[in-house]
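Asker: Before we start, here is the structure in question, set down as structure tokens.
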Amino acid sequence: MTDDAVTLQATYMPLLKVRDDLPAQPSVVVLPVPRPYGRSKQITAYAIEDSLPDAVGAFVAWLVNESKWHVTERTGEAAVPIEARHVCLLFRRFTSWQTDMTRPYVQALESRGVPHLLVGGKQFHNREEVETLRLALTAIEWPDDELSVYGTVRGSLFGVGEEELLEYRLTRGTLHPFKPAADVAERLKPVVDALEVLAELHRRRNERPVADTITSLLTVTRAHGGLVLRPAGEQALANVLHLAELARQYESNAGISFRGFVEELRDAVSRSEAPEAPILEEGSDGVRLMTVHKAKGLEFPVVILADITARMRPGEASRHLDPAHQKCAVRLAGLMPQDLVDHQDEERNREEAEGVRLAYVAATRARDLLVVPAVGDGPYQEGWIHPLNQAIYPALAARRTPTLASGLGAVTFGLDSVVERPENDPARSDTVCPGLYEVGDVSPCSVVWWDPSCLSLGVEQRFGLRRDDLIARDVPGEVVEEKLRAYREWQQWRDGALESGAQPSVQVKTAGEWARSGQWLPGIDELPPVDELSVARDLLTPSGRRFGTLVHAVLANAVLDDAGEGLEVLAQVQARLLGAPAEETAAAAAIASGVLKHPILQEAARAATRGACRREMPVTFSCPDGSVIEGVVDLAFEDEGRWTVVDFKTDLEIGRDGLQTYRRQVGFYGAAITRATGRPARGVLLRM
């Protein structure tokens with residue numbers, strides 16, 4: 001690192017020693033790649049990428065579980081044993097050509113039971129479990145999308161076989177959730193069950209929070225257990241639950257529809273904005289995996305540099321900045337402007353200077369132990385940490401004569417830092433032998449080259465439960481009986497709770513239901529009197545449920561003393577909401593105008609000026625047996641200490657039974673208001 005204004009390189013400033021090294025343990029460890037050779041019998045990036053994560057995971061497990069080494073914490077100078085939370089894996093990149101470079105390292109840690117936390121990973125939407133759930137949400141929203149339905153039913157949530165799906169599709173002609181077959185062979189019932197689940201979730205998707213739909217889907221498919229039993233199952237389960245949390249965030253940010261969330265997920269795939277869900281919260285005991293850029297300004301007791309095949313700089317510069325002329329030359333559509341061509345060497349040098357700075361930043365994040373991966377048969381020059389090679393590779397003459405390293409406990413090093421070479425070739429003359437070296441002439445640095453063969457490499461990923469004792473067969477009988485008894489007690493309590501919850505605590509009837517039942521109203525000896533009035537109406541006026549709803553909506557929102565143009569505008573608005581045609585709109589406005597001119601409505605208008613008029617007023621009548629009768633009064637007004645209750649009816653023909661029901665309903669409204677106010681009431685049945 002030399003002061004260079006052209007490449008924007010800073011001047012190197014040596015670090016000052018402020019405390020002594022921890023005794024009997026190294027400060028710099030070189031971790032050789034166990035199997036760096038590819039099929040071409042040459043050291044290749046692909047071979048290093050396949051082999052290094054396993055070595056890193058094994059070394060971390062040894063550090064945490066067996067090393068008995070110590071580190072210092074920021075809170076004090078006292079040394080404490082190394083724990084997972086003291087370790088940080090630093091990456092130059094997280095993705096390469098849509099490949100998640102952290103995934104092999106995560107799997108290596110998980111297979112050894114080492115907790116970890118991925119800080120800022122951007123592969124959330126590309127995870128298989130997230131894609132599966134996103135496809136299922138698409139099938140729920142668009143049941144006509146047969147490809148999404150097929151993928152959901154065939155996928156890991158339902159796991160229906162291809163043969164069954166093909167047979168069902170050929171015999172029934174469709175995989176539509178709303179067209180399930182009732183009479184199918186036993187082997188095809190899983191297809192029907194899956195389609196019925198999707199149909200039910202579709203029906204209710206906009207009646208409840210999006211997160212509830214996701215939770216229901218996971219529950220009915222028992223996905224929680226299936227996810228946690230996968231490789232990296234804890235991360236898979238955390239990602240799926242994180243998707244439900246994203247749904248809650250979507251609704252808290254004014255999201256209003258299930259479709260909107262599904263489309264937002266689809267957009268997020270292209271943006272790749274969501275990080276993976278952390279298995280551990282910040283501050284918990286886990287190995288951190290993060291990029292060098294995120295680690296700037298931070299410090300960790302143990303730092304392990306990872307993914308050494310990431311290039312130090314790109315092969316060609318992608319842009320050239322010319323501040324003097326306020327110009328930026330960038331590559332476009334595979335073509336390179338002349339300004340960028342002319343300054344390629346300059347820009348490459350700048351990129352290389354930036355790579356040197358990043359390697360320096362990465363190395364100086366370690367407080368007590370720095371672990372640098374390397375290749376025992378010679379420096380790997382293509383990677384982003386190659387500036388550190390001159391500080392870790394001993395002189396050629398000394399590579400076969402190391403000093404015995406201290407603080408290794410029961411670990412005994414061999415003579416080779418490469419576990420496997422093509423055709424089982426032996427170590428070369430320039431191979432670095434594991435052990436302790438003093439590297440450097442002016443200011444020597446103690447470096448321990450590790451023996452990868454001493455690590456527990458090739459540990460299989462854990463499938464199933466971490467606690468095998470939970471499913472052990474040799475559990476004492478009294479323990480089994482105790483657990484079964486507790487389970488039966490819980491099951492009995494649950495059944496009782498479900499049965500109790502299925503019984504309504506309050507019996508509710510509408511005023512219309514009570515009126516049709518002909519029952520006596522408890523506590524009321526006699527219903528108030530009900531008068532029957534009418535408003536003139538043309539015999540050709542429309543009728544029907546929609547028209548009646550339209551007239552009621554206009555009267556409910558009309559100004560009582562307005563019988564002019566305001567009614568026509570109001571009728572048009574309500575007609576659009578109901579989908580009523582123009583003839584019904586005009587007829588509703590005409591009827592409403594006639595009603596407002598009726599003397600009883602004129603009285604209501606005068607009462608409204610005194611604040612003594614109520615419209616669309618809910619009433620509730622509590623009966624002594626605990627039941628409740630509810631209704632909504634169209635119009636009620638008070639005049640000279642007496643309430644008048646008006647109920648509008650648009651029925652052309654009301655039979656004897658219907659008229660009696662309506663009169664009882666209006667009488668109920670009057671009785672409820674009398675009980676609530678203590679003042680007499682009369683009812684008016686106004687036929688329109």
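Residue numbering restarts at 1 in every chain; chains get A, B, ... in the order shown in the structure tokens, and ligands count up from 1 in that same order.
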Quick one: residues within 9 Å of A:Thr510, only C-alpha atoms counted, chain neighbours fewer than 3 positions away excluded, as a ChimeraX atom specification?

Answerer: /A:513-515,628-631

Asker: Residues within 12 Å of A:Val184, please, as a VMD selection string. Count only C-alpha atoms; anything in the same chain fewer than 2 positions from it doesn't count.

Answerer: chain A and resid 164 167 to 169 171 to 172 180 to 182 186 to 193

Asker: Please write the residues from the selection above to a file, keeping C-alpha atoms, as a PDB file, in the first residue's frame.

Answerer:
```pdb
ATOM      1  CA  GLU A 164     -51.407 -39.816  -9.849  1.00  0.00           C
ATOM      2  CA  GLU A 167     -53.982 -39.995 -14.317  1.00  0.00           C
ATOM      3  CA  TYR A 168     -56.230 -37.448 -12.608  1.00  0.00           C
ATOM      4  CA  ARG A 169     -55.600 -34.851 -15.319  1.00  0.00           C
ATOM      5  CA  THR A 171     -59.445 -38.727 -16.641  1.00  0.00           C
ATOM      6  CA  ARG A 172     -60.916 -35.488 -15.281  1.00  0.00           C
ATOM      7  CA  PRO A 180     -62.516 -31.518  -7.801  1.00  0.00           C
ATOM      8  CA  ALA A 181     -63.880 -34.946  -8.590  1.00  0.00           C
ATOM      9  CA  ALA A 182     -66.044 -36.591  -5.958  1.00  0.00           C
ATOM     10  CA  GLU A 186     -58.342 -44.283  -3.468  1.00  0.00           C
ATOM     11  CA  ARG A 187     -54.929 -43.556  -4.989  1.00  0.00           C
ATOM     12  CA  LEU A 188     -56.223 -40.256  -6.445  1.00  0.00           C
ATOM     13  CA  LYS A 189     -57.761 -38.925  -3.230  1.00  0.00           C
ATOM     14  CA  PRO A 190     -54.569 -37.003  -2.282  1.00  0.00           C
ATOM     15  CA  VAL A 191     -55.050 -34.965  -5.476  1.00  0.00           C
ATOM     16  CA  VAL A 192     -58.648 -34.139  -4.523  1.00  0.00           C
ATOM     17  CA  ASP A 193     -57.654 -33.284  -0.961  1.00  0.00           C
TER      18      ASP A 193
END
```

Asker: Find the residues around A:Phe621 up to 12 Å (only C-alpha atoms counted), leave out those fewer than 3 positions away in its own chain, and share them as a compact mmCIF listing (two decimals) with C-alpha atoms, in the first residue's frame.

Answerer:
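Below is the file out32.txt, written as the result:
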```txt
# COMPACT_ATOMS: atom_id res chain seq x y z
CA GLN A 507 -77.96 -16.59 21.11
CA VAL A 508 -78.54 -13.75 18.66
CA LYS A 509 -81.64 -13.23 16.51
CA THR A 510 -82.42 -10.49 14.07
CA ALA A 511 -85.59 -8.46 14.49
CA TRP A 514 -88.03 -12.79 15.92
CA LEU A 521 -91.10 -10.53 23.71
CA PRO A 522 -89.90 -11.14 27.29
CA GLY A 523 -90.61 -8.28 29.68
CA ILE A 524 -92.99 -6.53 27.25
CA PRO A 618 -78.97 -0.10 15.56
CA PRO A 624 -83.82 -12.51 30.47
CA ASP A 625 -82.69 -15.91 29.09
CA GLY A 626 -79.45 -14.37 27.84
CA SER A 627 -80.46 -14.20 24.19
CA VAL A 628 -80.22 -10.99 22.19
CA ILE A 629 -82.44 -9.54 19.48
CA GLU A 630 -80.82 -7.06 17.12
CA GLY A 631 -82.11 -4.80 14.37
CA VAL A 632 -81.60 -1.52 12.56
CA PHE A 668 -90.28 -4.48 18.37
CA TYR A 669 -88.29 -1.41 17.36
CA GLY A 670 -90.71 0.79 19.30
CA ALA A 671 -90.55 -1.48 22.37
CA ALA A 672 -86.74 -1.46 22.33
CA ILE A 673 -86.62 2.33 22.10
CA THR A 674 -89.19 2.66 24.91
CA ARG A 675 -87.11 0.41 27.15
CA ALA A 676 -83.96 2.39 26.35
```

Asker: Pick the closest to A:Thr95 from A:Val419, A:Thr291, A:Leu147, A:Val530: which is it, counting only C-alpha atoms?

Answerer: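 When distances to A:Thr95 are compared using only C-alpha atoms, the smallest one comes from A:Thr291.
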
Asker: Excluding A:Glu583 and any residue of its chain fewer than 2 positions from it, enumerate the residues within 12 Å of it, using only C-alpha atoms, and give them as a list in words.

Answerer: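 So, after excluding close chain neighbours, the residues are Leu540, Thr541, Pro542, Ser543, Phe547, Leu550, Ala571, Gln572, Ala575, Gly579, Ala580, Pro581, Thr585, Ala586, Ala587, Ala588, Ala589 and Ala590 of chain A.
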
Asker: Could you tell me, as a CSV table (one decimal) with N, CA and C atoms, in the first residue's frame, which residues of stretch 345-554 of chain A DSSP assigns to helix (DSSP H, G or I) when given the backbone?

Answerer:
```
chain,number,residue,atom,x,y,z
A,345,ASP,N,-6.2,0.4,-18.5
A,345,ASP,CA,-5.1,0.1,-17.6
A,345,ASP,C,-5.2,0.9,-16.3
A,346,GLU,N,-5.5,2.2,-16.5
A,346,GLU,CA,-5.6,3.0,-15.3
A,346,GLU,C,-6.8,2.6,-14.4
A,347,GLU,N,-7.9,2.2,-14.9
A,347,GLU,CA,-9.0,1.7,-14.1
A,347,GLU,C,-8.7,0.4,-13.5
A,348,ARG,N,-8.0,-0.5,-14.2
A,348,ARG,CA,-7.7,-1.8,-13.7
A,348,ARG,C,-6.8,-1.6,-12.5
A,349,ASN,N,-5.9,-0.7,-12.6
A,349,ASN,CA,-5.0,-0.4,-11.5
A,349,ASN,C,-5.7,0.1,-10.3
A,350,ARG,N,-6.7,0.9,-10.5
A,350,ARG,CA,-7.6,1.4,-9.4
A,350,ARG,C,-8.3,0.3,-8.8
A,351,GLU,N,-8.9,-0.6,-9.6
A,351,GLU,CA,-9.6,-1.7,-9.0
A,351,GLU,C,-8.7,-2.6,-8.2
A,352,GLU,N,-7.4,-2.8,-8.7
A,352,GLU,CA,-6.5,-3.6,-7.9
A,352,GLU,C,-6.1,-2.9,-6.6
A,353,ALA,N,-6.0,-1.6,-6.6
A,353,ALA,CA,-5.7,-0.9,-5.4
A,353,ALA,C,-6.8,-1.0,-4.4
A,354,GLU,N,-8.1,-1.0,-4.9
A,354,GLU,CA,-9.2,-1.2,-4.1
A,354,GLU,C,-9.2,-2.6,-3.5
A,355,GLY,N,-8.8,-3.6,-4.3
A,355,GLY,CA,-8.7,-5.0,-3.8
A,355,GLY,C,-7.7,-5.1,-2.7
A,356,VAL,N,-6.6,-4.4,-2.8
A,356,VAL,CA,-5.5,-4.4,-1.8
A,356,VAL,C,-6.1,-3.8,-0.5
A,357,ARG,N,-6.8,-2.7,-0.6
A,357,ARG,CA,-7.4,-2.1,0.6
A,357,ARG,C,-8.4,-3.1,1.3
A,358,LEU,N,-9.2,-3.7,0.5
A,358,LEU,CA,-10.2,-4.7,1.1
A,358,LEU,C,-9.5,-5.8,1.8
A,359,ALA,N,-8.4,-6.3,1.2
A,359,ALA,CA,-7.7,-7.4,1.9
A,359,ALA,C,-7.1,-6.9,3.2
A,360,TYR,N,-6.6,-5.7,3.2
A,360,TYR,CA,-6.1,-5.1,4.4
A,360,TYR,C,-7.2,-4.9,5.5
A,361,VAL,N,-8.4,-4.4,5.0
A,361,VAL,CA,-9.5,-4.3,5.9
A,361,VAL,C,-9.9,-5.6,6.5
A,362,ALA,N,-10.0,-6.6,5.7
A,362,ALA,CA,-10.4,-7.9,6.2
A,362,ALA,C,-9.4,-8.5,7.2
A,363,ALA,N,-8.1,-8.4,6.9
A,363,ALA,CA,-7.1,-8.9,7.8
A,363,ALA,C,-7.1,-8.2,9.2
A,386,HIS,N,-4.8,-12.6,-2.2
A,386,HIS,CA,-3.4,-12.9,-2.6
A,386,HIS,C,-2.4,-11.8,-2.1
A,387,PRO,N,-2.8,-10.6,-1.8
A,387,PRO,CA,-1.9,-9.6,-1.2
A,387,PRO,C,-1.3,-10.1,0.2
A,388,LEU,N,-2.0,-11.1,0.8
A,388,LEU,CA,-1.6,-11.6,2.1
A,388,LEU,C,-0.6,-12.8,1.9
A,389,ASN,N,-0.5,-13.2,0.7
A,389,ASN,CA,0.4,-14.4,0.5
A,389,ASN,C,1.8,-14.2,1.0
A,390,GLN,N,2.3,-13.0,0.7
A,390,GLN,CA,3.7,-12.8,1.1
A,390,GLN,C,3.9,-12.8,2.6
A,391,ALA,N,2.8,-12.7,3.4
A,391,ALA,CA,2.9,-12.6,4.8
A,391,ALA,C,2.6,-14.0,5.4
A,392,ILE,N,2.2,-15.0,4.6
A,392,ILE,CA,1.9,-16.3,5.2
A,392,ILE,C,2.7,-17.4,4.6
A,396,LEU,N,11.1,-20.6,0.5
A,396,LEU,CA,11.1,-21.9,-0.1
A,396,LEU,C,11.9,-22.9,0.6
A,397,ALA,N,13.1,-22.4,1.1
A,397,ALA,CA,14.0,-23.4,1.8
A,397,ALA,C,13.5,-23.9,3.1
A,398,ALA,N,12.6,-23.1,3.7
A,398,ALA,CA,12.1,-23.4,5.1
A,398,ALA,C,10.8,-24.2,5.1
A,422,PRO,N,-4.0,-35.5,-7.3
A,422,PRO,CA,-4.3,-36.5,-8.4
A,422,PRO,C,-3.4,-37.7,-8.3
A,423,GLU,N,-3.9,-38.8,-8.5
A,423,GLU,CA,-3.2,-40.1,-8.6
A,423,GLU,C,-2.4,-40.3,-7.3
A,424,ASN,N,-2.9,-39.7,-6.2
A,424,ASN,CA,-2.2,-39.9,-4.9
A,424,ASN,C,-0.7,-39.5,-4.9
A,452,PRO,N,-4.8,-30.0,7.5
A,452,PRO,CA,-6.2,-30.3,7.3
A,452,PRO,C,-6.6,-31.7,7.6
A,453,SER,N,-5.6,-32.6,7.5
A,453,SER,CA,-6.0,-34.0,7.8
A,453,SER,C,-6.3,-34.3,9.2
A,454,CYS,N,-6.0,-33.3,10.1
A,454,CYS,CA,-6.3,-33.4,11.5
A,454,CYS,C,-7.7,-32.9,11.8
A,468,ASP,N,-31.3,-36.9,19.4
A,468,ASP,CA,-31.7,-38.3,19.1
A,468,ASP,C,-32.4,-38.9,20.3
A,469,ASP,N,-32.1,-38.4,21.5
A,469,ASP,CA,-32.7,-39.1,22.6
A,469,ASP,C,-34.2,-38.9,22.7
A,470,LEU,N,-34.7,-37.9,21.9
A,470,LEU,CA,-36.2,-37.7,21.9
A,470,LEU,C,-36.9,-38.8,21.2
A,471,ILE,N,-36.2,-39.6,20.3
A,471,ILE,CA,-36.9,-40.7,19.7
A,471,ILE,C,-36.2,-42.0,20.0
A,477,GLY,N,-39.8,-47.2,30.9
A,477,GLY,CA,-41.2,-47.3,30.8
A,477,GLY,C,-42.0,-46.3,31.6
A,478,GLU,N,-41.5,-46.0,32.8
A,478,GLU,CA,-42.2,-45.0,33.6
A,478,GLU,C,-42.2,-43.6,33.0
A,479,VAL,N,-41.1,-43.3,32.3
A,479,VAL,CA,-41.0,-42.0,31.6
A,479,VAL,C,-42.1,-42.0,30.5
A,480,VAL,N,-42.2,-43.1,29.7
A,480,VAL,CA,-43.1,-43.1,28.6
A,480,VAL,C,-44.6,-43.0,29.2
A,481,GLU,N,-44.8,-43.7,30.3
A,481,GLU,CA,-46.2,-43.6,30.9
A,481,GLU,C,-46.5,-42.2,31.4
A,482,GLU,N,-45.5,-41.6,32.0
A,482,GLU,CA,-45.7,-40.2,32.5
A,482,GLU,C,-46.0,-39.2,31.3
A,483,LYS,N,-45.3,-39.4,30.2
A,483,LYS,CA,-45.5,-38.5,29.1
A,483,LYS,C,-46.8,-38.8,28.4
A,484,LEU,N,-47.2,-40.1,28.3
A,484,LEU,CA,-48.5,-40.4,27.7
A,484,LEU,C,-49.6,-39.9,28.6
A,485,ARG,N,-49.5,-40.0,29.9
A,485,ARG,CA,-50.5,-39.5,30.8
A,485,ARG,C,-50.7,-38.0,30.6
A,486,ALA,N,-49.6,-37.3,30.5
A,486,ALA,CA,-49.6,-35.8,30.3
A,486,ALA,C,-50.3,-35.5,29.0
A,487,TYR,N,-49.9,-36.3,28.0
A,487,TYR,CA,-50.5,-36.0,26.6
A,487,TYR,C,-52.0,-36.3,26.6
A,488,ARG,N,-52.4,-37.4,27.3
A,488,ARG,CA,-53.9,-37.7,27.3
A,488,ARG,C,-54.6,-36.6,28.1
A,489,GLU,N,-54.0,-36.1,29.2
A,489,GLU,CA,-54.7,-35.0,29.9
A,489,GLU,C,-54.8,-33.8,29.0
A,490,TRP,N,-53.7,-33.5,28.3
A,490,TRP,CA,-53.8,-32.3,27.4
A,490,TRP,C,-54.9,-32.5,26.3
A,491,GLN,N,-54.9,-33.8,25.8
A,491,GLN,CA,-55.9,-34.0,24.7
A,491,GLN,C,-57.3,-33.9,25.2
A,492,GLN,N,-57.5,-34.4,26.5
A,492,GLN,CA,-58.8,-34.3,27.1
A,492,GLN,C,-59.2,-32.8,27.3
A,493,TRP,N,-58.2,-32.1,27.8
A,493,TRP,CA,-58.5,-30.6,28.0
A,493,TRP,C,-58.8,-29.9,26.7
A,494,ARG,N,-58.1,-30.3,25.6
A,494,ARG,CA,-58.3,-29.7,24.3
A,494,ARG,C,-59.6,-30.0,23.8
A,495,ASP,N,-60.0,-31.3,23.9
A,495,ASP,CA,-61.4,-31.7,23.4
A,495,ASP,C,-62.5,-31.0,24.1
A,496,GLY,N,-62.3,-30.8,25.4
A,496,GLY,CA,-63.3,-30.0,26.2
A,496,GLY,C,-63.3,-28.6,25.8
A,497,ALA,N,-62.1,-28.0,25.6
A,497,ALA,CA,-62.1,-26.6,25.1
A,497,ALA,C,-62.8,-26.4,23.8
A,498,LEU,N,-62.5,-27.4,22.9
A,498,LEU,CA,-63.2,-27.3,21.5
A,498,LEU,C,-64.7,-27.4,21.6
A,499,GLU,N,-65.1,-28.4,22.5
A,499,GLU,CA,-66.6,-28.6,22.6
A,499,GLU,C,-67.2,-27.3,23.3
A,500,SER,N,-66.5,-26.8,24.3
A,500,SER,CA,-67.1,-25.6,25.0
A,500,SER,C,-67.1,-24.4,24.0
A,501,GLY,N,-66.0,-24.3,23.2
A,501,GLY,CA,-65.9,-23.2,22.3
A,501,GLY,C,-66.9,-23.3,21.2
A,502,ALA,N,-67.4,-24.5,20.9
A,502,ALA,CA,-68.4,-24.7,19.8
A,502,ALA,C,-69.8,-24.2,20.2
A,511,ALA,N,-84.2,-8.9,14.2
A,511,ALA,CA,-85.6,-8.5,14.5
A,511,ALA,C,-86.5,-9.2,13.5
A,512,GLY,N,-86.1,-9.4,12.3
A,512,GLY,CA,-87.0,-10.1,11.3
A,512,GLY,C,-87.2,-11.5,11.7
A,513,GLU,N,-86.1,-12.2,12.2
A,513,GLU,CA,-86.3,-13.6,12.6
A,513,GLU,C,-87.3,-13.7,13.8
A,514,TRP,N,-87.1,-12.8,14.8
A,514,TRP,CA,-88.0,-12.8,15.9
A,514,TRP,C,-89.5,-12.5,15.5
A,515,ALA,N,-89.6,-11.6,14.6
A,515,ALA,CA,-91.0,-11.3,14.1
A,515,ALA,C,-91.6,-12.4,13.4
A,516,ARG,N,-90.9,-13.2,12.6
A,516,ARG,CA,-91.4,-14.3,11.9
A,516,ARG,C,-91.7,-15.5,12.8
A,517,SER,N,-91.0,-15.6,13.9
A,517,SER,CA,-91.2,-16.7,14.8
A,517,SER,C,-92.5,-16.6,15.6
A,545,ARG,N,-85.4,-7.2,-5.0
A,545,ARG,CA,-84.5,-7.0,-3.9
A,545,ARG,C,-83.5,-5.9,-4.1
A,546,ARG,N,-82.9,-5.9,-5.3
A,546,ARG,CA,-81.9,-4.8,-5.6
A,546,ARG,C,-82.6,-3.4,-5.6
A,547,PHE,N,-83.8,-3.3,-6.2
A,547,PHE,CA,-84.4,-2.0,-6.2
A,547,PHE,C,-84.8,-1.6,-4.8
A,548,GLY,N,-85.3,-2.5,-4.0
A,548,GLY,CA,-85.6,-2.1,-2.6
A,548,GLY,C,-84.3,-1.7,-1.8
A,549,THR,N,-83.2,-2.4,-2.1
A,549,THR,CA,-81.9,-1.9,-1.4
A,549,THR,C,-81.5,-0.6,-1.9
A,550,LEU,N,-81.8,-0.3,-3.2
A,550,LEU,CA,-81.4,1.0,-3.7
A,550,LEU,C,-82.2,2.1,-3.1
A,551,VAL,N,-83.5,1.9,-3.0
A,551,VAL,CA,-84.4,2.9,-2.4
A,551,VAL,C,-84.0,3.2,-0.9
A,552,HIS,N,-83.8,2.1,-0.2
A,552,HIS,CA,-83.4,2.3,1.2
A,552,HIS,C,-82.0,3.0,1.3
A,553,ALA,N,-81.1,2.8,0.4
A,553,ALA,CA,-79.8,3.4,0.5
A,553,ALA,C,-80.0,4.9,0.2
A,554,VAL,N,-80.8,5.3,-0.8
A,554,VAL,CA,-81.1,6.7,-1.1
A,554,VAL,C,-81.7,7.4,0.1
```

Asker: If I take atom CA of A:Pro26 and atom CA of A:Gly409, how far is one from the other in Å, to one decimal?

Answerer: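 Result for atom CA of A:Pro26 versus atom CA of A:Gly409: 12.6 Å, one decimal.
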
Asker: Using only C-alpha atoms, which of the listed residues (A:His70, A:Lys597, A:Lys649, A:Arg367) sits closest to A:Asp561?

Answerer: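 Closest residue, counting only C-alpha atoms: A:Lys597.
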
Asker: Write out as a PyMOL selection string each polymer residue whose atoms come within 9 Å of A:Val595, counting only C-alpha atoms; drop sequence neighbours fewer than 4 positions from it.

Answerer: chain A and resi 534-536+555+590-591+599-601+686+688

Asker: Can I get the selection written as an mmCIF file, in the first residue's frame, with all heavy atoms?

Answerer:
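Output saved as result_31.cif:
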```
data_model
loop_
_atom_site.group_PDB
_atom_site.id
_atom_site.type_symbol
_atom_site.label_atom_id
_atom_site.label_comp_id
_atom_site.auth_asym_id
_atom_site.auth_seq_id
_atom_site.Cartn_x
_atom_site.Cartn_y
_atom_site.Cartn_z
ATOM 1 N N SER A 534 -98.815 4.919 3.359
ATOM 2 C CA SER A 534 -98.292 4.573 2.033
ATOM 3 C C SER A 534 -97.996 5.831 1.248
ATOM 4 O O SER A 534 -98.506 6.914 1.542
ATOM 5 C CB SER A 534 -99.293 3.698 1.266
ATOM 6 O OG SER A 534 -100.508 4.408 1.053
ATOM 7 N N VAL A 535 -97.122 5.648 0.238
ATOM 8 C CA VAL A 535 -96.773 6.714 -0.695
ATOM 9 C C VAL A 535 -97.175 6.234 -2.086
ATOM 10 O O VAL A 535 -96.925 5.076 -2.447
ATOM 11 C CB VAL A 535 -95.265 7.020 -0.656
ATOM 12 C CG1 VAL A 535 -94.901 8.055 -1.707
ATOM 13 C CG2 VAL A 535 -94.853 7.505 0.729
ATOM 14 N N ALA A 536 -97.813 7.128 -2.844
ATOM 15 C CA ALA A 536 -98.283 6.763 -4.180
ATOM 16 C C ALA A 536 -97.129 6.268 -5.042
ATOM 17 O O ALA A 536 -96.031 6.818 -5.016
ATOM 18 C CB ALA A 536 -98.966 7.962 -4.825
ATOM 19 N N LEU A 555 -82.719 6.774 0.723
ATOM 20 C CA LEU A 555 -83.384 7.390 1.871
ATOM 21 C C LEU A 555 -82.464 7.480 3.087
ATOM 22 O O LEU A 555 -82.550 8.419 3.882
ATOM 23 C CB LEU A 555 -84.638 6.598 2.231
ATOM 24 C CG LEU A 555 -85.793 6.691 1.225
ATOM 25 C CD1 LEU A 555 -86.913 5.734 1.608
ATOM 26 C CD2 LEU A 555 -86.328 8.135 1.170
ATOM 27 N N ALA A 590 -87.382 9.100 -7.774
ATOM 28 C CA ALA A 590 -88.769 9.583 -7.737
ATOM 29 C C ALA A 590 -89.479 9.126 -6.468
ATOM 30 O O ALA A 590 -90.192 9.902 -5.812
ATOM 31 C CB ALA A 590 -89.509 9.090 -8.983
ATOM 32 N N ILE A 591 -89.318 7.849 -6.105
ATOM 33 C CA ILE A 591 -89.964 7.342 -4.892
ATOM 34 C C ILE A 591 -89.416 8.056 -3.662
ATOM 35 O O ILE A 591 -90.165 8.455 -2.760
ATOM 36 C CB ILE A 591 -89.763 5.822 -4.782
ATOM 37 C CG1 ILE A 591 -90.606 5.097 -5.832
ATOM 38 C CG2 ILE A 591 -90.114 5.318 -3.390
ATOM 39 C CD1 ILE A 591 -90.465 3.595 -5.796
ATOM 40 N N PRO A 599 -96.116 13.732 4.990
ATOM 41 C CA PRO A 599 -96.201 14.464 6.266
ATOM 42 C C PRO A 599 -95.361 13.847 7.385
ATOM 43 O O PRO A 599 -94.772 14.579 8.180
ATOM 44 C CB PRO A 599 -97.693 14.412 6.588
ATOM 45 C CG PRO A 599 -98.361 14.291 5.260
ATOM 46 C CD PRO A 599 -97.462 13.463 4.420
ATOM 47 N N ILE A 600 -95.276 12.532 7.435
ATOM 48 C CA ILE A 600 -94.518 11.906 8.527
ATOM 49 C C ILE A 600 -93.038 12.221 8.411
ATOM 50 O O ILE A 600 -92.319 12.382 9.401
ATOM 51 C CB ILE A 600 -94.761 10.372 8.533
ATOM 52 C CG1 ILE A 600 -94.352 9.795 9.902
ATOM 53 C CG2 ILE A 600 -94.005 9.680 7.417
ATOM 54 C CD1 ILE A 600 -95.269 10.167 11.013
ATOM 55 N N LEU A 601 -92.546 12.330 7.149
ATOM 56 C CA LEU A 601 -91.143 12.688 6.944
ATOM 57 C C LEU A 601 -90.912 14.170 7.195
ATOM 58 O O LEU A 601 -89.814 14.576 7.590
ATOM 59 C CB LEU A 601 -90.693 12.298 5.533
ATOM 60 C CG LEU A 601 -90.081 10.906 5.341
ATOM 61 C CD1 LEU A 601 -88.779 10.796 6.130
ATOM 62 C CD2 LEU A 601 -91.039 9.817 5.762
ATOM 63 N N LEU A 686 -94.331 2.391 6.564
ATOM 64 C CA LEU A 686 -94.525 3.252 5.395
ATOM 65 C C LEU A 686 -94.245 2.440 4.138
ATOM 66 O O LEU A 686 -93.102 2.108 3.829
ATOM 67 C CB LEU A 686 -93.598 4.463 5.467
ATOM 68 C CG LEU A 686 -93.790 5.524 4.383
ATOM 69 C CD1 LEU A 686 -95.212 6.089 4.411
ATOM 70 C CD2 LEU A 686 -92.779 6.645 4.551
ATOM 71 N N MET A 688 -94.034 1.941 0.145
ATOM 72 C CA MET A 688 -93.692 2.825 -0.972
ATOM 73 C C MET A 688 -93.977 2.096 -2.275
ATOM 74 O O MET A 688 -93.385 1.063 -2.557
ATOM 75 C CB MET A 688 -92.201 3.195 -0.893
ATOM 76 C CG MET A 688 -91.820 3.893 0.418
ATOM 77 S SD MET A 688 -90.040 4.145 0.555
ATOM 78 C CE MET A 688 -89.468 2.481 0.770
#
```

Asker: Quick one: of A:Asp425, A:Asp307, A:Asp639, A:Asp531, who's nearest to A:Ala45, counting only C-alpha atoms?

Answerer: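 Among A:Asp425, A:Asp307, A:Asp639, A:Asp531, it is A:Asp307 that comes nearest to A:Ala45.
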